[in-house]
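**Q** Coordinates in upload-v2.csv, CSV, C-alpha atoms, are listed below.
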chain,number,residue,atom,x,y,z
A,832,MET,CA,29.0,-34.5,-8.0
A,833,ARG,CA,27.1,-32.0,-5.8
A,834,PRO,CA,23.7,-30.9,-7.2
A,835,GLN,CA,23.6,-27.2,-8.1
A,836,ARG,CA,21.6,-25.0,-5.7
A,837,ASN,CA,19.0,-22.5,-6.9
A,838,PRO,CA,20.8,-19.2,-6.6
A,839,ILE,CA,17.6,-17.4,-5.6
A,840,HIS,CA,16.9,-20.0,-2.9
A,841,ALA,CA,20.5,-19.7,-1.7
A,842,VAL,CA,20.2,-15.9,-1.4
A,843,SER,CA,16.8,-16.1,0.3
A,844,THR,CA,18.1,-18.6,2.8
A,845,TRP,CA,21.1,-16.4,3.6
A,846,VAL,CA,18.9,-13.3,4.0
A,847,ARG,CA,16.5,-15.2,6.3
A,848,ARG,CA,19.4,-16.2,8.6
A,849,GLN,CA,20.6,-12.6,9.1
A,850,PRO,CA,19.7,-10.5,12.2
A,851,PRO,CA,16.9,-7.9,11.9
A,852,LYS,CA,19.4,-5.0,11.7
A,853,VAL,CA,21.2,-6.6,8.7
A,854,LYS,CA,17.8,-7.3,7.0
A,855,ALA,CA,16.8,-3.6,7.5
A,856,PHE,CA,20.1,-2.5,6.0
A,857,LEU,CA,19.7,-4.8,3.0
A,858,ALA,CA,16.1,-3.5,2.5
A,859,VAL,CA,17.3,0.1,2.5
A,860,VAL,CA,20.2,-0.7,0.1
A,861,SER,CA,17.8,-2.6,-2.2
A,862,GLY,CA,15.4,0.2,-2.2
A,863,MET,CA,18.1,2.7,-3.1
A,864,ALA,CA,19.4,0.5,-5.9
A,865,ALA,CA,15.8,0.2,-7.3
A,866,LEU,CA,15.4,4.0,-7.2
A,867,VAL,CA,18.7,4.5,-9.0
A,868,LEU,CA,17.6,2.0,-11.7
A,869,LEU,CA,14.2,3.7,-12.1
A,870,ARG,CA,15.9,7.1,-12.4
A,871,VAL,CA,18.1,5.8,-15.3
A,872,ILE,CA,15.3,3.9,-17.1
A,873,VAL,CA,12.3,6.2,-16.7
A,874,HIS,CA,13.0,9.6,-18.0
A,875,ASP,CA,9.7,11.2,-17.2
A,876,HIS,CA,9.1,10.4,-13.6
A,877,ASP,CA,5.4,11.4,-13.8
A,878,ASN,CA,5.0,8.1,-15.6
A,879,LEU,CA,5.8,6.3,-12.3
A,880,PHE,CA,2.7,7.8,-10.8
A,881,VAL,CA,0.6,6.6,-13.7
A,882,ALA,CA,2.2,3.2,-13.4
A,883,ALA,CA,1.3,3.1,-9.7
A,884,GLU,CA,-2.3,3.8,-10.5
A,885,ALA,CA,-2.3,1.1,-13.3
A,886,VAL,CA,-0.8,-1.5,-10.9
A,887,HIS,CA,-3.3,-0.6,-8.2
A,888,SER,CA,-6.1,-1.1,-10.8
A,889,ILE,CA,-4.7,-4.5,-11.7
A,890,GLY,CA,-4.8,-5.5,-8.0
A,891,ILE,CA,-8.4,-4.4,-7.7
A,892,SER,CA,-9.3,-6.3,-10.9
A,893,VAL,CA,-7.7,-9.5,-9.3
A,894,LEU,CA,-9.8,-8.9,-6.2
A,895,ILE,CA,-13.0,-8.5,-8.2
A,896,TYR,CA,-12.2,-11.7,-10.1
A,897,LYS,CA,-11.7,-13.6,-6.9
A,898,LEU,CA,-15.1,-12.5,-5.5
A,899,MET,CA,-17.0,-13.1,-8.7
A,900,LYS,CA,-15.3,-16.4,-9.8
A,901,GLU,CA,-14.6,-18.1,-6.5
A,902,LYS,CA,-17.6,-16.7,-4.6
A,903,THR,CA,-15.6,-16.3,-1.4
A,904,CYS,CA,-14.0,-13.5,0.5
A,905,ALA,CA,-11.9,-15.7,2.7
A,906,GLY,CA,-8.6,-14.1,3.6
A,907,LEU,CA,-9.8,-10.6,2.8
A,908,SER,CA,-10.0,-7.8,5.4
A,909,LEU,CA,-13.2,-5.9,5.4
A,910,LYS,CA,-11.7,-3.3,7.7
A,911,SER,CA,-8.9,-2.6,5.2
A,912,GLN,CA,-11.4,-2.1,2.5
A,913,GLU,CA,-13.4,0.3,4.8
A,914,LEU,CA,-10.3,2.3,5.6
A,915,THR,CA,-9.5,2.4,1.8
A,916,ALA,CA,-13.0,3.7,1.1
A,917,MET,CA,-12.7,6.2,3.9
A,918,PHE,CA,-9.4,7.8,2.6
A,919,LEU,CA,-10.6,7.7,-1.0
A,920,ALA,CA,-13.9,9.4,-0.1
A,921,VAL,CA,-12.0,12.2,1.7
A,922,ARG,CA,-9.4,12.5,-1.0
A,923,LEU,CA,-12.1,12.6,-3.7
A,924,TYR,CA,-13.8,15.5,-1.8
A,925,CYS,CA,-10.5,17.4,-1.5
A,926,SER,CA,-9.7,16.7,-5.1
A,927,PHE,CA,-13.1,18.2,-6.2
A,928,VAL,CA,-12.6,21.4,-4.2
A,929,MET,CA,-8.9,21.8,-4.4
A,930,GLU,CA,-7.4,20.4,-7.7
A,931,PHE,CA,-9.9,18.7,-10.0
A,932,ASP,CA,-7.9,16.7,-12.6
A,933,ILE,CA,-7.6,13.2,-14.1
A,934,HIS,CA,-6.7,11.8,-10.7
A,935,THR,CA,-10.1,12.8,-9.4
A,936,LEU,CA,-11.7,10.5,-12.0
A,937,LEU,CA,-9.3,7.7,-11.1
A,938,ASP,CA,-10.2,8.1,-7.4
A,939,LEU,CA,-13.9,8.0,-8.2
A,940,ALA,CA,-13.5,4.7,-10.1
A,941,THR,CA,-11.4,3.2,-7.4
A,942,LEU,CA,-13.8,4.3,-4.7
A,943,ALA,CA,-16.8,2.8,-6.6
A,944,THR,CA,-15.0,-0.6,-7.0
A,945,THR,CA,-14.0,-0.5,-3.3
A,946,LEU,CA,-17.5,0.1,-2.2
A,947,TRP,CA,-18.6,-2.8,-4.4
A,948,VAL,CA,-16.1,-5.1,-2.7
A,949,ILE,CA,-17.3,-3.9,0.7
A,950,PHE,CA,-20.9,-4.7,-0.3
A,951,MET,CA,-19.9,-8.2,-1.5
A,952,ILE,CA,-18.1,-9.0,1.8
A,953,ARG,CA,-20.8,-7.6,4.0
A,954,PHE,CA,-23.8,-9.0,2.3
A,955,LYS,CA,-23.3,-11.4,-0.7
A,956,LEU,CA,-20.3,-13.4,0.7
A,957,LYS,CA,-20.8,-12.8,4.4
A,958,SER,CA,-20.7,-16.6,5.2
A,959,SER,CA,-17.1,-16.8,4.0
A,960,TYR,CA,-15.9,-13.7,5.8
A,961,MET,CA,-13.3,-14.5,8.5
A,962,GLU,CA,-14.5,-12.0,11.0
A,963,ASP,CA,-12.6,-13.6,13.9
A,964,LYS,CA,-9.3,-13.2,12.0
A,965,ASP,CA,-10.1,-9.6,11.0
A,966,ASN,CA,-9.6,-8.3,14.5
A,967,PHE,CA,-7.6,-5.1,14.0
A,968,ALA,CA,-9.2,-2.2,15.8
A,969,ILE,CA,-9.4,0.5,13.1
A,970,TYR,CA,-9.6,3.3,15.7
A,971,TYR,CA,-5.9,2.6,16.4
A,972,VAL,CA,-5.1,4.2,13.1
A,973,VAL,CA,-8.1,6.5,12.4
A,974,VAL,CA,-7.7,8.5,15.6
A,975,PRO,CA,-3.9,9.0,15.4
A,976,CYS,CA,-4.2,10.0,11.8
A,977,ALA,CA,-7.0,12.5,12.6
A,978,VAL,CA,-5.0,14.0,15.5
A,979,LEU,CA,-1.8,14.2,13.4
A,980,ALA,CA,-3.7,15.9,10.6
A,981,LEU,CA,-5.0,18.6,13.0
A,982,PHE,CA,-1.4,19.7,13.8
A,983,ILE,CA,0.5,18.8,10.6
A,984,HIS,CA,-1.3,19.8,7.3
A,985,PRO,CA,-0.6,21.8,4.1
A,986,SER,CA,0.0,25.5,4.4
A,987,THR,CA,-1.7,26.4,1.2
A,988,SER,CA,-4.4,29.1,0.6
A,989,HIS,CA,-7.2,26.6,0.8
A,990,HIS,CA,-9.8,26.5,3.6
A,991,LEU,CA,-8.3,25.1,6.8
A,992,LEU,CA,-10.8,22.2,7.0
A,993,ASN,CA,-9.9,21.1,3.5
A,994,ARG,CA,-6.2,21.2,4.3
A,995,ILE,CA,-6.8,19.1,7.4
A,996,LEU,CA,-8.9,16.5,5.5
A,997,TRP,CA,-6.2,16.3,2.8
A,998,ALA,CA,-3.5,15.5,5.4
A,999,PHE,CA,-5.9,13.0,7.1
A,1000,CYS,CA,-6.3,11.0,3.8
A,1001,VAL,CA,-2.5,11.0,3.2
A,1002,TYR,CA,-1.8,9.6,6.7
A,1003,LEU,CA,-4.7,7.1,6.6
A,1004,GLU,CA,-3.7,5.8,3.2
A,1005,ALA,CA,-0.2,5.0,4.5
A,1006,VAL,CA,-1.6,2.6,7.2
A,1007,SER,CA,-4.9,1.4,5.6
A,1008,VAL,CA,-3.4,-2.0,4.7
A,1009,LEU,CA,-2.6,-2.9,8.3
A,1010,PRO,CA,-5.8,-4.8,9.0
A,1011,GLN,CA,-5.2,-6.9,5.8
A,1012,LEU,CA,-1.7,-7.8,7.1
A,1013,ARG,CA,-3.2,-8.7,10.5
A,1014,VAL,CA,-5.6,-11.2,8.8
A,1015,MET,CA,-2.7,-12.7,6.9
A,1016,GLN,CA,-0.7,-12.9,10.2
A,1017,ASN,CA,-3.6,-14.7,11.9
A,1018,THR,CA,-4.1,-17.2,9.1
A,1019,LYS,CA,-0.4,-17.7,8.1
A,1020,ILE,CA,-1.6,-19.1,4.7
A,1021,VAL,CA,-2.5,-16.7,1.9
A,1022,GLU,CA,-4.4,-18.0,-1.1
A,1023,PRO,CA,-3.2,-16.9,-4.6
A,1024,PHE,CA,-5.7,-14.1,-5.5
A,1025,THR,CA,-5.3,-12.4,-2.1
A,1026,ALA,CA,-1.6,-12.6,-2.4
A,1027,HIS,CA,-1.6,-11.2,-5.9
A,1028,TYR,CA,-3.8,-8.3,-4.7
A,1029,VAL,CA,-1.6,-7.4,-1.7
A,1030,PHE,CA,1.5,-7.7,-3.9
A,1031,ALA,CA,0.0,-5.3,-6.4
A,1032,LEU,CA,-0.6,-2.9,-3.6
A,1033,GLY,CA,3.0,-3.2,-2.5
A,1034,VAL,CA,4.3,-2.6,-6.1
A,1035,ALA,CA,1.9,0.4,-6.6
A,1036,ARG,CA,3.0,2.0,-3.4
A,1037,PHE,CA,6.7,1.5,-4.2
A,1038,LEU,CA,6.2,3.2,-7.6
A,1039,SER,CA,4.3,6.0,-5.9
A,1040,CYS,CA,7.0,6.4,-3.4
A,1041,ALA,CA,9.7,6.3,-6.1
A,1042,HIS,CA,7.8,9.0,-8.0
A,1043,TRP,CA,7.9,11.4,-5.0
A,1044,VAL,CA,11.5,10.7,-4.1
A,1045,LEU,CA,12.7,11.2,-7.6
A,1046,GLN,CA,10.7,14.3,-8.1
A,1047,VAL,CA,12.3,15.7,-4.9
A,1048,LEU,CA,15.8,14.8,-6.2
A,1049,ASP,CA,15.1,16.2,-9.7
A,1050,SER,CA,13.8,19.5,-8.2
A,1051,ARG,CA,16.8,19.6,-5.8
A,1052,GLY,CA,14.3,19.9,-2.9
A,1053,HIS,CA,12.2,22.7,-4.4
A,1054,LEU,CA,9.2,20.4,-4.6
A,1055,LEU,CA,9.2,20.1,-0.8
A,1056,VAL,CA,9.2,23.9,-0.6
A,1057,ALA,CA,6.3,24.1,-3.1
A,1058,LEU,CA,4.3,21.8,-0.8
A,1059,GLY,CA,4.5,24.4,2.0
A,1060,TYR,CA,6.5,25.0,5.1
A,1061,GLY,CA,6.8,23.3,8.5
A,1062,LEU,CA,6.7,19.6,8.9
A,1063,TRP,CA,4.1,18.9,6.2
A,1064,PRO,CA,6.4,18.4,3.2
A,1065,SER,CA,8.5,15.9,5.2
A,1066,MET,CA,5.4,14.1,6.5
A,1067,VAL,CA,4.2,13.6,2.9
A,1068,LEU,CA,7.5,11.9,2.0
A,1069,ILE,CA,7.6,9.9,5.2
A,1070,SER,CA,4.0,8.6,4.6
A,1071,GLU,CA,5.0,7.4,1.1
A,1072,ILE,CA,8.0,5.6,2.6
A,1073,VAL,CA,6.0,4.1,5.4
A,1074,GLN,CA,3.5,2.7,2.9
A,1075,THR,CA,6.3,1.0,1.0
A,1076,PHE,CA,8.1,-0.6,4.0
A,1077,ILE,CA,4.9,-1.9,5.6
A,1078,LEU,CA,4.4,-4.2,2.6
A,1079,ALA,CA,8.1,-4.8,1.8
A,1080,ASP,CA,8.4,-8.0,4.0
A,1081,PHE,CA,5.3,-9.5,2.5
A,1082,CYS,CA,6.4,-8.8,-1.1
A,1083,TYR,CA,9.7,-10.5,-0.4
A,1084,TYR,CA,8.0,-13.7,0.6
A,1085,TYR,CA,5.6,-13.4,-2.3
A,1086,VAL,CA,8.4,-13.3,-4.8
A,1087,LYS,CA,10.2,-16.1,-3.1
A,1088,SER,CA,7.0,-18.2,-3.2
A,1089,VAL,CA,6.3,-17.5,-6.9
A,1090,VAL,CA,9.9,-18.3,-7.9
A,1091,GLY,CA,9.6,-21.5,-5.9
A,1092,GLY,CA,6.5,-22.5,-7.8
A,1093,GLN,CA,4.2,-22.4,-4.7
A,1094,LEU,CA,0.6,-21.4,-5.5
A,1095,VAL,CA,-0.3,-20.9,-1.8
A,1096,LEU,CA,1.9,-18.5,0.2
A,1097,ARG,CA,2.8,-19.6,3.7
A,1098,LEU,CA,4.2,-16.9,5.9
A,1099,PRO,CA,6.6,-17.5,8.8
A,1100,SER,CA,5.7,-16.2,12.2
A,1101,GLY,CA,6.2,-12.5,12.7
A,1102,VAL,CA,6.4,-11.6,9.0
A,1103,VAL,CA,3.6,-9.1,8.9
Could you take the file, read its structure, and then write that structure out as structure tokens?
**A**
Amino acid sequence: MRPQRNPIHAVSTWVRRQPPKVKAFLAVVSGMAALVLLRVIVHDHDNLFVAAEAVHSIGISVLIYKLMKEKTCAGLSLKSQELTAMFLAVRLYCSFVMEFDIHTLLDLATLATTLWVIFMIRFKLKSSYMEDKDNFAIYYVVVPCAVLALFIHPSTSHHLLNRILWAFCVYLEAVSVLPQLRVMQNTKIVEPFTAHYVFALGVARFLSCAHWVLQVLDSRGHLLVALGYGLWPSMVLISEIVQTFILADFCYYYVKSVVGGQLVLRLPSGVV
């Protein structure tokens, strides 16, 4: 009698054997199915944004636990944390001068914890920092984001500088995780706490993207009009989608690893 195969393992094996175009198609279909499910289950789609903030906070908590408990920052990208602090600082300024609300306080708390993580990596745990693996040149993302923000930004009544800065932080947030992915690409092995943190980022960004997409669908496109004219409304939506797809591949292997009972995540070549 043939032993029964794990259905999840069978599906993951089948997916892994498919060509890139088929994988991309399956990713799009899965994303659309998840959006439909969320639209049915979650009646107030503003709750998705709150959920995204909560999941992000959980990810940061895991990161703090790793630094305090294990006394090591191995596998973490200092450059990703610095990019995160950069866009949070800009967004916090814009939030103060443009639309002070509860999200301003959430950004303040997130910025404070991110700065603490940067301090720990730079000074307290510097000996365990993998500087040779954290070799992503951040000007590759900062400069294009700044240039893009100069030409494509909100068309609101706020001061031009504030509108440009707001666009800059939206674009930078979308790609701020790239240095962390480069570190994981270089090491190929991701220890549990780092994997939990990056997975939490992926889930948070998917929920945030779902919030925007469903809001646009619910308003029948009026939300995009409310954001202004020109390319800016579309760029906001594209930025949210980019954030999600950047981490989608990693999240797939994370789930596969957890289901398979592996504590340490091993990434195949070319995953991130």
**Q** Quick one: distance from atom CA of Thr935 of chain A to atom CA of Leu923 of chain A in Å, one decimal?
**A** 6.0 Å
**Q** List the neighbours of Gly1033 of chain A out to 7 Å using all atoms listed in the file; skip same-chain residues closer than 4 positions along the sequence, and give me the result as a VMD selection string.
**A** chain A and resid 1029 1037 1075 1078 to 1079 1082
**Q** Could you pull the residues within 6 Å of Ala1005 of chain A, counting only C-alpha atoms, minus those fewer than 3 positions along the same chain, as a PyMOL selection string?
**A** chain A and resi 1002+1070+1074
**Q** For each of A:Ser926, A:Ser911, A:Ser1065, A:Thr903, take the minimum atom-to-atom distance to Val1014 of chain A, counting all atoms listed in the file, then give the residue where this is smallest.
**A** A:Ser911
**Q** Could you tell me which of A:Ile1020, A:Leu1038, A:Val948, A:Leu909 comes closest to Asn966 of chain A if we count all atoms listed in the file?
**A**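 Smallest distance to Asn966 of chain A is found for A:Leu909.
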**Q** For Val1034 of chain A, which residue out of A:Val1086, A:Cys1000, A:Ala920, A:Leu991 is the nearest one, using all atoms listed in the file?
**A**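 Looking at the shortest contact to Val1034 of chain A, the residue is A:Val1086.
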**Q** Just to confirm, what's the straight-line distance from atom CA of Arg953 of chain A to atom CA of Lys902 of chain A in Å (one decimal)?
**A**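 Result for atom CA of Arg953 of chain A versus atom CA of Lys902 of chain A: 12.9 Å, one decimal.
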**Q** Contacts of Leu1009 of chain A at 12 Å or less, counting all atoms listed in the file, minus same-chain residues fewer than 3 places along, as number ranges by chain?
**A** A: 907-915, 965-973, 1003-1006, 1012-1016, 1029, 1073-1074, 1076-1078, 1081, 1103
**Q** So how many Å separate atom CA of Pro1023 of chain A and atom CA of Tyr1085 of chain A, to one decimal?
**A** 9.7 Å
